[in-house]
Each structure stands twice: as C-alpha cells, then as structure tokens.
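Everything below belongs to protein_5.pdb, which stores PDB, C-alpha atoms.
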```pdb
ATOM      1  CA  MET A   1      99.012 103.968 107.906
ATOM      2  CA  LYS A   2      97.622 101.159 105.760
ATOM      3  CA  VAL A   3      95.119 102.722 103.346
ATOM      4  CA  LEU A   4      92.748 100.520 101.348
ATOM      5  CA  LEU A   5      91.383 102.186  98.212
ATOM      6  CA  ASP A   6      87.763 101.796  97.213
ATOM      7  CA  SER A   7      87.306 100.811  93.553
ATOM      8  CA  HIS A   8      86.469 104.300  92.303
ATOM      9  CA  THR A   9      89.382 105.765  94.264
ATOM     10  CA  LEU A  10      91.704 103.257  92.608
ATOM     11  CA  LEU A  11      90.478 104.153  89.114
ATOM     12  CA  TRP A  12      90.659 107.873  89.821
ATOM     13  CA  SER A  13      94.198 107.556  91.182
ATOM     14  CA  ILE A  14      95.355 105.651  88.091
ATOM     15  CA  GLY A  15      93.650 108.157  85.788
ATOM     16  CA  LYS A  16      94.910 111.141  87.791
ATOM     17  CA  SER A  17      91.325 112.349  88.068
ATOM     18  CA  ASP A  18      90.420 115.670  89.604
ATOM     19  CA  GLU A  19      87.602 113.792  91.355
ATOM     20  CA  LEU A  20      90.063 112.950  94.144
ATOM     21  CA  SER A  21      89.708 115.085  97.253
ATOM     22  CA  LYS A  22      92.616 117.099  98.612
ATOM     23  CA  ARG A  23      92.796 114.715 101.566
ATOM     24  CA  ALA A  24      92.856 111.707  99.230
ATOM     25  CA  LEU A  25      95.752 113.214  97.277
ATOM     26  CA  VAL A  26      97.678 113.861 100.499
ATOM     27  CA  GLU A  27      97.193 110.262 101.663
ATOM     28  CA  LEU A  28      98.126 108.809  98.266
ATOM     29  CA  LYS A  29     101.328 110.850  98.139
ATOM     30  CA  ASP A  30     102.374 110.216 101.753
ATOM     31  CA  ILE A  31     105.403 107.896 101.564
ATOM     32  CA  ASN A  32     104.649 106.655 105.086
ATOM     33  CA  ASN A  33     101.342 105.143 103.928
ATOM     34  CA  ASP A  34     100.996 101.665 102.513
ATOM     35  CA  ILE A  35      98.401 101.933  99.737
ATOM     36  CA  LEU A  36      96.471  98.686  99.418
ATOM     37  CA  ILE A  37      94.301  97.364  96.599
ATOM     38  CA  SER A  38      91.987  94.480  97.423
ATOM     39  CA  ALA A  39      91.235  91.678  94.996
ATOM     40  CA  ILE A  40      87.622  92.614  95.751
ATOM     41  CA  SER A  41      88.061  95.972  93.981
ATOM     42  CA  LEU A  42      89.615  94.324  90.947
ATOM     43  CA  TRP A  43      86.744  91.842  90.816
ATOM     44  CA  GLU A  44      84.186  94.668  91.102
ATOM     45  CA  ILE A  45      85.859  96.632  88.310
ATOM     46  CA  ALA A  46      86.058  93.559  86.046
ATOM     47  CA  LEU A  47      82.438  92.570  86.695
ATOM     48  CA  LYS A  48      80.982  96.043  86.177
ATOM     49  CA  TYR A  49      83.122  96.549  83.068
ATOM     50  CA  SER A  50      82.042  93.195  81.596
ATOM     51  CA  ILE A  51      78.318  93.973  81.969
ATOM     52  CA  GLY A  52      78.685  97.513  80.636
ATOM     53  CA  LYS A  53      77.976  99.250  83.943
ATOM     54  CA  LEU A  54      81.479 100.752  83.995
ATOM     55  CA  ILE A  55      83.041 102.522  81.032
ATOM     56  CA  ILE A  56      86.826 102.847  81.084
ATOM     57  CA  GLU A  57      88.396 104.647  78.157
ATOM     58  CA  LYS A  58      91.783 105.989  79.230
ATOM     59  CA  ILE A  59      93.326 102.784  80.563
ATOM     60  CA  ASP A  60      93.474  99.128  79.602
ATOM     61  CA  ILE A  61      91.567  97.274  82.312
ATOM     62  CA  GLN A  62      93.870  94.252  81.949
ATOM     63  CA  ASN A  63      96.814  96.436  83.012
ATOM     64  CA  ILE A  64      95.334  97.679  86.291
ATOM     65  CA  PRO A  65      97.501  95.365  88.449
ATOM     66  CA  GLU A  66     100.605  96.560  86.585
ATOM     67  CA  TYR A  67      99.579 100.207  87.069
ATOM     68  CA  CYS A  68      99.121  99.520  90.773
ATOM     69  CA  ILE A  69     102.560  97.995  91.113
ATOM     70  CA  ARG A  70     104.174 100.882  89.212
ATOM     71  CA  MET A  71     102.439 103.341  91.528
ATOM     72  CA  GLY A  72     103.791 101.495  94.572
ATOM     73  CA  TYR A  73     100.437 100.055  95.632
ATOM     74  CA  THR A  74     100.224  96.636  97.263
ATOM     75  CA  LEU A  75      97.742  94.102  95.887
ATOM     76  CA  ILE A  76      96.086  92.059  98.637
ATOM     77  CA  PRO A  77      94.054  88.859  98.309
ATOM     78  CA  LEU A  78      90.748  87.984  99.911
ATOM     79  CA  ASP A  79      91.395  85.497 102.669
ATOM     80  CA  PRO A  80      88.774  82.664 102.753
ATOM     81  CA  ILE A  81      88.230  83.049 106.508
ATOM     82  CA  GLU A  82      87.803  86.789 106.032
ATOM     83  CA  ALA A  83      85.202  86.099 103.346
ATOM     84  CA  LEU A  84      83.196  83.819 105.629
ATOM     85  CA  ASN A  85      83.523  85.967 108.731
ATOM     86  CA  SER A  86      82.266  89.025 106.865
ATOM     87  CA  LEU A  87      78.768  87.798 107.746
ATOM     88  CA  GLN A  88      79.423  89.388 111.153
ATOM     89  CA  LEU A  89      79.207  92.855 109.601
ATOM     90  CA  PRO A  90      75.805  94.370 110.392
ATOM     91  CA  PHE A  91      73.569  95.730 107.642
ATOM     92  CA  LYS A  92      73.183  99.484 107.967
ATOM     93  CA  GLU A  93      70.986 101.908 106.082
ATOM     94  CA  LYS A  94      70.117  99.221 103.544
ATOM     95  CA  HIS A  95      73.772  99.090 102.472
ATOM     96  CA  LYS A  96      73.856  95.685 100.814
ATOM     97  CA  ASP A  97      76.536  96.180  98.138
ATOM     98  CA  PRO A  98      78.638  93.003  98.537
ATOM     99  CA  PHE A  99      81.833  94.641  97.254
ATOM    100  CA  ASP A 100      81.564  97.550  99.688
ATOM    101  CA  ARG A 101      80.666  95.255 102.567
ATOM    102  CA  MET A 102      83.718  93.085 101.944
ATOM    103  CA  LEU A 103      86.030  96.121 101.758
ATOM    104  CA  ILE A 104      84.523  97.413 105.009
ATOM    105  CA  TYR A 105      85.097  94.089 106.706
ATOM    106  CA  GLN A 106      88.671  93.798 105.408
ATOM    107  CA  CYS A 107      89.404  97.222 106.840
ATOM    108  CA  ILE A 108      87.842  96.557 110.230
ATOM    109  CA  ARG A 109      89.459  93.125 110.578
ATOM    110  CA  ASN A 110      92.925  94.274 109.561
ATOM    111  CA  GLY A 111      92.973  97.810 110.930
ATOM    112  CA  TYR A 112      93.134  99.440 107.495
ATOM    113  CA  THR A 113      91.784 102.898 106.720
ATOM    114  CA  LEU A 114      89.330 102.993 103.822
ATOM    115  CA  LEU A 115      89.776 105.813 101.293
ATOM    116  CA  SER A 116      86.468 106.432  99.523
ATOM    117  CA  LYS A 117      84.077 109.162  98.461
ATOM    118  CA  ASP A 118      81.099 106.935  99.385
ATOM    119  CA  ARG A 119      79.407 108.533 102.397
ATOM    120  CA  LYS A 120      77.562 105.312 103.267
ATOM    121  CA  PHE A 121      80.768 104.094 104.887
ATOM    122  CA  GLU A 122      80.193 106.634 107.685
ATOM    123  CA  TYR A 123      77.605 104.250 109.140
ATOM    124  CA  TYR A 124      80.306 101.693 109.915
ATOM    125  CA  LYS A 125      82.591 103.943 111.949
ATOM    126  CA  GLU A 126      80.853 102.794 115.129
ATOM    127  CA  ASP A 127      81.776  99.218 114.158
ATOM    128  CA  GLY A 128      85.467 100.105 113.958
ATOM    129  CA  LEU A 129      85.820 101.308 110.371
ATOM    130  CA  LYS A 130      88.467 103.954 109.857
ATOM    131  CA  TYR A 131      87.300 105.938 106.863
ATOM    132  CA  ILE A 132      88.597 109.098 105.171
ATOM    133  CA  TRP A 133      87.951 111.178 102.099
TER     134      TRP A 133
END
```
Whole structure, structure tokens version:
Amino acid sequence: MKVLLDSHTLLWSIGKSDELSKRALVELKDINNDILISAISLWEIALKYSIGKLIIEKIDIQNIPEYCIRMGYTLIPLDPIEALNSLQLPFKEKHKDPFDRMLIYQCIRNGYTLLSKDRKFEYYKEDGLKYIW
C-alpha cells in the first residue's frame, strides 16, 4: 500500500511521538507499505514554523528530508497538473485548508491512502479518499 503521511503524522513519526495511533504505528512499520511524504507537507511545516504557528524543538526543521530518507520514506513532488486539477475537489464541511485539500487530491488521484488523525478527511471518502488512523 502507498501511504501518504499528513504533516502532523510525519512530525510525530520523526519524533517517535506517542500521539501516533496503534494503527498508524502498524502501517509505518509494515515493510510492504511505501511511506510517502508530499512536498505539500514540507511546505506546510516550513510555512507554519516560519510564522510561529508551529513550534519544533526536538528536531532541526532543515533536516526533515534527511530524516525521511533515513526512515525509508519517499519524498514526492507536487505535479503542476495535479495542482491545477485539484480544483475538482469539492468543498465539504467548510474544509478550506489548502494543504489538506492538496493532500486529499494527491491521494485520490494517485490511489494513495492518507494517514492522518484529522477527522475532517472522513468527508472525502465518498469522493474516493482512502483514509486511516
């Protein structure tokens, strides 16, 4: 299975946080899964960190890509066509977060499973989102 990590899931996995669910830990440790990290998540982390909305103390934010590679995660880019076609994703329950919406669309378009604690993703299952926590 190709599993795309939401931004908080990525940070928690790097920091070995006990915030991760049992299911999340199983999926992260499953050697048959390809764990994917979108450029969107890295952009979200960098932006929120730079404006003080995200505090990261245990890791050097500049080293996140290196941590991902060491953990066996695959970094994936945002395809320009994917970015434009994301406008096809309907707005649900006033869920307008552009980072989340792009991750949702990447998952639907590419058949990835999204690993996130965010329950708002449930609304997109009927649109083809595979989502677990």
Please evaluate the PyMOL selection byres ((chain A and resi 64-77) around 6) against the displayed coordinates and give the resulting residues as a ChimeraX atom specification.
-> /A:35-39,61-63,78
Using only C-alpha atoms, please write the residues we just selected to a file, as a PDB file, keeping the file's coordinate frame.
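The file below, result-v3.pdb, is the result:
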```pdb
ATOM      1  CA  ILE A  35      98.401 101.933  99.737  1.00  0.00           C
ATOM      2  CA  LEU A  36      96.471  98.686  99.418  1.00  0.00           C
ATOM      3  CA  ILE A  37      94.301  97.364  96.599  1.00  0.00           C
ATOM      4  CA  SER A  38      91.987  94.480  97.423  1.00  0.00           C
ATOM      5  CA  ALA A  39      91.235  91.678  94.996  1.00  0.00           C
ATOM      6  CA  ILE A  61      91.567  97.274  82.312  1.00  0.00           C
ATOM      7  CA  GLN A  62      93.870  94.252  81.949  1.00  0.00           C
ATOM      8  CA  ASN A  63      96.814  96.436  83.012  1.00  0.00           C
ATOM      9  CA  LEU A  78      90.748  87.984  99.911  1.00  0.00           C
TER      10      LEU A  78
END
```
- Which is closest to His8 (chain A) among A:Cys107, A:Ile45, A:Ile51, A:Ile132, if we use all atoms listed in the file?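 With all atoms listed in the file as the atom set, the closest residue is A:Ile45.
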Would you mind listing what lies within 10 Å of Asn32 (chain A) as a PyMOL selection string, with all atoms listed in the file counted and same-chain residues fewer than 4 positions away left out? chain A and resi 1-2+27-28
Would you translate the PyMOL selection byres ((chain A and resi 104) around 10) into the concrete set of residues it matches in this file, as a short mmCIF file (atom, residue, chain, number, x, y, z; two decimals) with C-alpha atoms, in the frame of the given file?
```
data_model
loop_
_atom_site.label_atom_id
_atom_site.label_comp_id
_atom_site.auth_asym_id
_atom_site.auth_seq_id
_atom_site.Cartn_x
_atom_site.Cartn_y
_atom_site.Cartn_z
CA LEU A 4 92.75 100.52 101.35
CA ASP A 6 87.76 101.80 97.21
CA SER A 86 82.27 89.02 106.86
CA LEU A 89 79.21 92.86 109.60
CA PRO A 98 78.64 93.00 98.54
CA PHE A 99 81.83 94.64 97.25
CA ASP A 100 81.56 97.55 99.69
CA ARG A 101 80.67 95.26 102.57
CA MET A 102 83.72 93.08 101.94
CA LEU A 103 86.03 96.12 101.76
CA TYR A 105 85.10 94.09 106.71
CA GLN A 106 88.67 93.80 105.41
CA CYS A 107 89.40 97.22 106.84
CA ILE A 108 87.84 96.56 110.23
CA ARG A 109 89.46 93.12 110.58
CA TYR A 112 93.13 99.44 107.50
CA THR A 113 91.78 102.90 106.72
CA LEU A 114 89.33 102.99 103.82
CA PHE A 121 80.77 104.09 104.89
CA TYR A 124 80.31 101.69 109.92
CA LYS A 125 82.59 103.94 111.95
CA ASP A 127 81.78 99.22 114.16
CA GLY A 128 85.47 100.10 113.96
CA LEU A 129 85.82 101.31 110.37
CA LYS A 130 88.47 103.95 109.86
CA TYR A 131 87.30 105.94 106.86
#
```
re CA of Leu54 (chain A) and CA of Ser21 (chain A): distance 21.2 Å
- What residues come out when you apply the PyMOL selection byres ((chain A and resi 117) around 8) to this file, written as number ranges by chain? A: 9, 115-116, 118-119, 133
If I take CA of Lys58 (chain A) and CA of Asp34 (chain A), how far is one from the other in Å, to one decimal?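 Result for CA of Lys58 (chain A) versus CA of Asp34 (chain A): 25.4 Å, one decimal.
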Report, in Å with one decimal, the straight-line distance from CA of Ser7 (chain A) to CA of Leu42 (chain A).
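Calculated distance between CA of Ser7 (chain A) and CA of Leu42 (chain A) is 7.4 Å.
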Could you complete region 21-53 of chain A so that it carries N, CA and C atoms, and give it back as a tab-separated table (two decimals), in the frame of the given file?
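To be explicit, this is the file written out as out08.tsv:
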```tsv
chain	number	residue	atom	x	y	z
A	21	SER	N	89.71	113.98	96.30
A	21	SER	CA	89.71	115.08	97.25
A	21	SER	C	91.15	115.49	97.58
A	22	LYS	N	91.28	116.66	98.18
A	22	LYS	CA	92.62	117.10	98.61
A	22	LYS	C	93.18	116.13	99.64
A	23	ARG	N	92.35	115.68	100.53
A	23	ARG	CA	92.80	114.72	101.57
A	23	ARG	C	93.24	113.41	100.92
A	24	ALA	N	92.49	112.94	99.93
A	24	ALA	CA	92.86	111.71	99.23
A	24	ALA	C	94.22	111.86	98.58
A	25	LEU	N	94.46	112.98	97.93
A	25	LEU	CA	95.75	113.21	97.28
A	25	LEU	C	96.89	113.21	98.29
A	26	VAL	N	96.66	113.83	99.45
A	26	VAL	CA	97.68	113.86	100.50
A	26	VAL	C	98.00	112.44	100.94
A	27	GLU	N	96.98	111.64	101.19
A	27	GLU	CA	97.19	110.26	101.66
A	27	GLU	C	97.89	109.40	100.60
A	28	LEU	N	97.51	109.59	99.34
A	28	LEU	CA	98.13	108.81	98.27
A	28	LEU	C	99.60	109.16	98.07
A	29	LYS	N	99.95	110.40	98.33
A	29	LYS	CA	101.33	110.85	98.14
A	29	LYS	C	102.21	110.66	99.36
A	30	ASP	N	101.61	110.37	100.51
A	30	ASP	CA	102.37	110.22	101.75
A	30	ASP	C	103.20	108.93	101.70
A	31	ILE	N	104.52	109.08	101.69
A	31	ILE	CA	105.40	107.90	101.56
A	31	ILE	C	105.35	106.99	102.79
A	32	ASN	N	104.78	107.48	103.89
A	32	ASN	CA	104.65	106.66	105.09
A	32	ASN	C	103.43	105.75	105.04
A	33	ASN	N	102.55	105.97	104.07
A	33	ASN	CA	101.34	105.14	103.93
A	33	ASN	C	101.61	103.95	103.03
A	34	ASP	N	101.04	102.83	103.40
A	34	ASP	CA	101.00	101.66	102.51
A	34	ASP	C	99.65	101.71	101.82
A	35	ILE	N	99.65	101.87	100.50
A	35	ILE	CA	98.40	101.93	99.74
A	35	ILE	C	98.06	100.52	99.28
A	36	LEU	N	96.90	100.05	99.67
A	36	LEU	CA	96.47	98.69	99.42
A	36	LEU	C	95.32	98.64	98.42
A	37	ILE	N	95.37	97.62	97.57
A	37	ILE	CA	94.30	97.36	96.60
A	37	ILE	C	93.81	95.94	96.82
A	38	SER	N	92.56	95.80	97.17
A	38	SER	CA	91.99	94.48	97.42
A	38	SER	C	91.59	93.79	96.12
A	39	ALA	N	91.73	92.48	96.12
A	39	ALA	CA	91.24	91.68	95.00
A	39	ALA	C	89.74	91.94	94.78
A	40	ILE	N	89.05	92.31	95.84
A	40	ILE	CA	87.62	92.61	95.75
A	40	ILE	C	87.39	93.78	94.79
A	41	SER	N	88.22	94.82	94.87
A	41	SER	CA	88.06	95.97	93.98
A	41	SER	C	88.33	95.59	92.53
A	42	LEU	N	89.32	94.76	92.32
A	42	LEU	CA	89.62	94.32	90.95
A	42	LEU	C	88.47	93.48	90.39
A	43	TRP	N	87.89	92.66	91.23
A	43	TRP	CA	86.74	91.84	90.82
A	43	TRP	C	85.55	92.75	90.49
A	44	GLU	N	85.30	93.74	91.35
A	44	GLU	CA	84.19	94.67	91.10
A	44	GLU	C	84.38	95.41	89.78
A	45	ILE	N	85.58	95.91	89.55
A	45	ILE	CA	85.86	96.63	88.31
A	45	ILE	C	85.65	95.72	87.10
A	46	ALA	N	86.19	94.51	87.16
A	46	ALA	CA	86.06	93.56	86.05
A	46	ALA	C	84.59	93.21	85.79
A	47	LEU	N	83.84	92.94	86.84
A	47	LEU	CA	82.44	92.57	86.70
A	47	LEU	C	81.61	93.72	86.11
A	48	LYS	N	81.76	94.90	86.67
A	48	LYS	CA	80.98	96.04	86.18
A	48	LYS	C	81.38	96.42	84.75
A	49	TYR	N	82.65	96.28	84.43
A	49	TYR	CA	83.12	96.55	83.07
A	49	TYR	C	82.52	95.53	82.09
A	50	SER	N	82.51	94.26	82.49
A	50	SER	CA	82.04	93.20	81.60
A	50	SER	C	80.55	93.28	81.30
A	51	ILE	N	79.76	93.85	82.21
A	51	ILE	CA	78.32	93.97	81.97
A	51	ILE	C	77.93	95.36	81.45
A	52	GLY	N	78.94	96.20	81.21
A	52	GLY	CA	78.68	97.51	80.64
A	52	GLY	C	78.27	98.58	81.63
A	53	LYS	N	78.36	98.28	82.91
A	53	LYS	CA	77.98	99.25	83.94
A	53	LYS	C	79.10	100.24	84.23
```
